[in-house]
Each structure stands twice: as C-alpha cells, then as structure tokens.
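First comes the structure, then the notes that go with it.
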Amino acid sequence: MAQPGNQASSLLLNSYFMPFSAVGVDNTFRRKFDREEYLQRAREREEKEKERLKPKSKGPPVQRTPLKHRDYEVDLESRLGKTQVVTPIAPLSQQAGYYCSVCECVVKDSANYLDHINGKKHQRALGMSMRAERATLDQVRQRFELLKKRKPTGSFSEQDLDERILKQQQEEEERKRQRRERKKEKKKEKAAEEEPEIDPDVAAMMGFGGFRSSKK
C-alpha cells in the first residue's frame, strides 16, 4: 500500500513531465508576427529612402557681387600690450582673440584672422564671390591719372637711381677696405704673440739686438 507522501511525490513528478501539447492550452510561447503590418512598414521605409535620395530641386543661382577692395583698416594692434579678464560665460566679442561679427566666431591670432576675413566663407557671408571684377580700359586710364596726381613733386628719377647705385658701391668698397685692415691687425697681433721673449741683457751678451721676424 502506497503511503500518502509517496503518492504526492508521484503526482508532482507527473505534472512536471506532462507534455506541453496538452489539449486546450497554448503553451508554445512563440511570438506571432503580422505579415501585412511589417510589409507596410517596409514600404514606408522605402518611400522615405527614395525621398531622401531624390535630388533636391535647385533654385535660381545666387547672384553674388564681385570681390571688392576693403574700404576699412583692419584693427590688429589696438589690444596689444593690454590685459583682459576672460571668463567662460563672457560673450564671444569679449573673449581672447579676434572676433568676427559677420561669421560670429573668434580667431586666436592675427595671422589666422587675416586668413579668415580674406577667405571664401567670410566673403560669401558678405554676399561676394571670390572673383574680382574685370576692369575696363577707361577704368585703367582713370587709375593711372589718379596715381599721377598722387605722385609728389621731386620724386624719384633716373639720376637719383644712379646716385644711389654709386653710393652703394662706395659703401661696399669701404666695408671691404675695413675688413682688409682688420685682417692685417689680427696678423700683426698673432705675430707679436708668437715672437719669443728674450732677456735684453742676454741678447746684448750674445750680440743680438733682438729676435725679429723679417716677414713683412
């Protein structure tokens, strides 16, 4: 006769090893996918990808003005030798470096600042292209006339050029002469250092007036 404890254990084991395909119980634990839903999602992704890759319609080309001469002086020296307190929350115009109000950026040194204001990005922000306007013949003539008017009286001439060349040649000859004199002095000093020192009394006893080099 089976004991109550053994009967309970057998029932527990039977329930544990019971097949999963019990009638009326869906215990497959498989996730079911809606095929139509995922097909619709795939179509939507394809449509978005086509829209993204579709070439954008180009509008009318932007007409930029030709490159113009700068009508203001670039300030690079007003802040030299000055001390400035810089904080992280300070606006860009008050930070260390050179501030460009057109592009709203700060450049750390003067060389890069000049490259920036002469660069393509800055000129485009000003509405200009990097192409200079082609000058006409009349504009060239007017420019020559303006330069003639600016030419001061008593300006440089060919005679001045000849005088400057002659003066430069004379200065060069003088420098060469001074170099030759210095070489001679150095040779004399070196010969004096190498000449042996003889006691005058000993030289008189030997009948010599002194040892001197005959080299001139």
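So you can find residues: chains in the structure tokens are A, B, ... in the order shown, residues in each start at 1, and ligands are numbered from 1 in order.
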Residues within 12 Å of Ala111 in chain A, only C-alpha atoms, excluding chain neighbours under 5 positions, as a VMD selection string:
chain A and resid 74 76 97 to 98 116 to 118
Please, which residues of range 55-159 of chain A, numbered as in this document, come out strand (DSSP E or B) from DSSP, as a list in words?
Thr65, Pro66, Leu67, Tyr98, Tyr99, Cys100, Cys105, Val106, Val107, Met128, Ser129, Met130, Arg131 and Ala132 of chain A
As a VMD selection string, please: the residues near Leu92 in chain A (cut-off 8 Å, only C-alpha atoms, same-chain neighbours under 2 positions excluded).
chain A and resid 90 94 to 95 99 104 to 106
The selected residues should be written to file as a PDB file, in the first residue's frame (atoms: all heavy atoms).
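Contents of again-v1.pdb, as written:
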ATOM      1  N   ALA A  90      31.558  84.783 -20.794  1.00  0.00           N
ATOM      2  CA  ALA A  90      31.612  86.069 -21.498  1.00  0.00           C
ATOM      3  C   ALA A  90      31.171  85.881 -22.945  1.00  0.00           C
ATOM      4  O   ALA A  90      31.367  84.815 -23.530  1.00  0.00           O
ATOM      5  CB  ALA A  90      33.028  86.637 -21.444  1.00  0.00           C
ATOM      6  N   GLN A  94      33.946  89.479 -26.302  1.00  0.00           N
ATOM      7  CA  GLN A  94      34.790  89.863 -25.175  1.00  0.00           C
ATOM      8  C   GLN A  94      35.760  88.752 -24.774  1.00  0.00           C
ATOM      9  O   GLN A  94      36.380  88.827 -23.723  1.00  0.00           O
ATOM     10  CB  GLN A  94      33.912  90.231 -23.973  1.00  0.00           C
ATOM     11  CG  GLN A  94      33.027  91.439 -24.228  1.00  0.00           C
ATOM     12  CD  GLN A  94      32.159  91.782 -23.035  1.00  0.00           C
ATOM     13  OE1 GLN A  94      32.326  91.208 -21.952  1.00  0.00           O
ATOM     14  NE2 GLN A  94      31.219  92.700 -23.214  1.00  0.00           N
ATOM     15  N   GLN A  95      35.899  87.746 -25.612  1.00  0.00           N
ATOM     16  CA  GLN A  95      36.830  86.667 -25.306  1.00  0.00           C
ATOM     17  C   GLN A  95      38.184  86.946 -25.944  1.00  0.00           C
ATOM     18  O   GLN A  95      38.328  87.864 -26.755  1.00  0.00           O
ATOM     19  CB  GLN A  95      36.270  85.334 -25.802  1.00  0.00           C
ATOM     20  CG  GLN A  95      35.057  84.865 -25.014  1.00  0.00           C
ATOM     21  CD  GLN A  95      34.613  83.482 -25.419  1.00  0.00           C
ATOM     22  OE1 GLN A  95      35.274  82.812 -26.196  1.00  0.00           O
ATOM     23  NE2 GLN A  95      33.484  83.040 -24.875  1.00  0.00           N
ATOM     24  N   TYR A  99      37.571  88.847 -32.882  1.00  0.00           N
ATOM     25  CA  TYR A  99      36.168  88.486 -33.090  1.00  0.00           C
ATOM     26  C   TYR A  99      35.693  88.950 -34.460  1.00  0.00           C
ATOM     27  O   TYR A  99      35.924  90.099 -34.856  1.00  0.00           O
ATOM     28  CB  TYR A  99      35.314  89.107 -31.991  1.00  0.00           C
ATOM     29  CG  TYR A  99      33.827  88.908 -32.182  1.00  0.00           C
ATOM     30  CD1 TYR A  99      33.266  87.633 -32.092  1.00  0.00           C
ATOM     31  CD2 TYR A  99      32.997  89.981 -32.466  1.00  0.00           C
ATOM     32  CE1 TYR A  99      31.906  87.445 -32.261  1.00  0.00           C
ATOM     33  CE2 TYR A  99      31.639  89.797 -32.641  1.00  0.00           C
ATOM     34  CZ  TYR A  99      31.088  88.531 -32.537  1.00  0.00           C
ATOM     35  OH  TYR A  99      29.754  88.343 -32.721  1.00  0.00           O
ATOM     36  N   GLU A 104      30.452  85.510 -36.641  1.00  0.00           N
ATOM     37  CA  GLU A 104      30.230  85.243 -35.224  1.00  0.00           C
ATOM     38  C   GLU A 104      31.159  84.142 -34.721  1.00  0.00           C
ATOM     39  O   GLU A 104      30.741  83.101 -34.211  1.00  0.00           O
ATOM     40  CB  GLU A 104      28.777  84.865 -34.962  1.00  0.00           C
ATOM     41  CG  GLU A 104      27.800  86.000 -35.244  1.00  0.00           C
ATOM     42  CD  GLU A 104      26.375  85.639 -34.888  1.00  0.00           C
ATOM     43  OE1 GLU A 104      26.139  84.452 -34.551  1.00  0.00           O
ATOM     44  OE2 GLU A 104      25.503  86.522 -34.954  1.00  0.00           O
ATOM     45  N   CYS A 105      32.447  84.380 -34.882  1.00  0.00           N
ATOM     46  CA  CYS A 105      33.451  83.419 -34.413  1.00  0.00           C
ATOM     47  C   CYS A 105      34.651  84.189 -33.881  1.00  0.00           C
ATOM     48  O   CYS A 105      34.805  85.386 -34.151  1.00  0.00           O
ATOM     49  CB  CYS A 105      33.874  82.469 -35.539  1.00  0.00           C
ATOM     50  SG  CYS A 105      34.691  83.297 -36.911  1.00  0.00           S
ATOM     51  N   VAL A 106      35.492  83.513 -33.125  1.00  0.00           N
ATOM     52  CA  VAL A 106      36.693  84.099 -32.541  1.00  0.00           C
ATOM     53  C   VAL A 106      37.904  83.373 -33.096  1.00  0.00           C
ATOM     54  O   VAL A 106      37.956  82.138 -33.099  1.00  0.00           O
ATOM     55  CB  VAL A 106      36.669  83.996 -30.998  1.00  0.00           C
ATOM     56  CG1 VAL A 106      37.956  84.545 -30.405  1.00  0.00           C
ATOM     57  CG2 VAL A 106      35.480  84.756 -30.441  1.00  0.00           C
TER      58      VAL A 106
END
What separation in Å, quoted to one decimal, exists between CA of Asp71 in chain A and CA of Met130 in chain A?
16.7 Å
Enumerate the residues of range 88-163 of chain A with a DSSP assignment of alpha helix (DSSP H), computed from the backbone, and present them as a count of residues only.
34
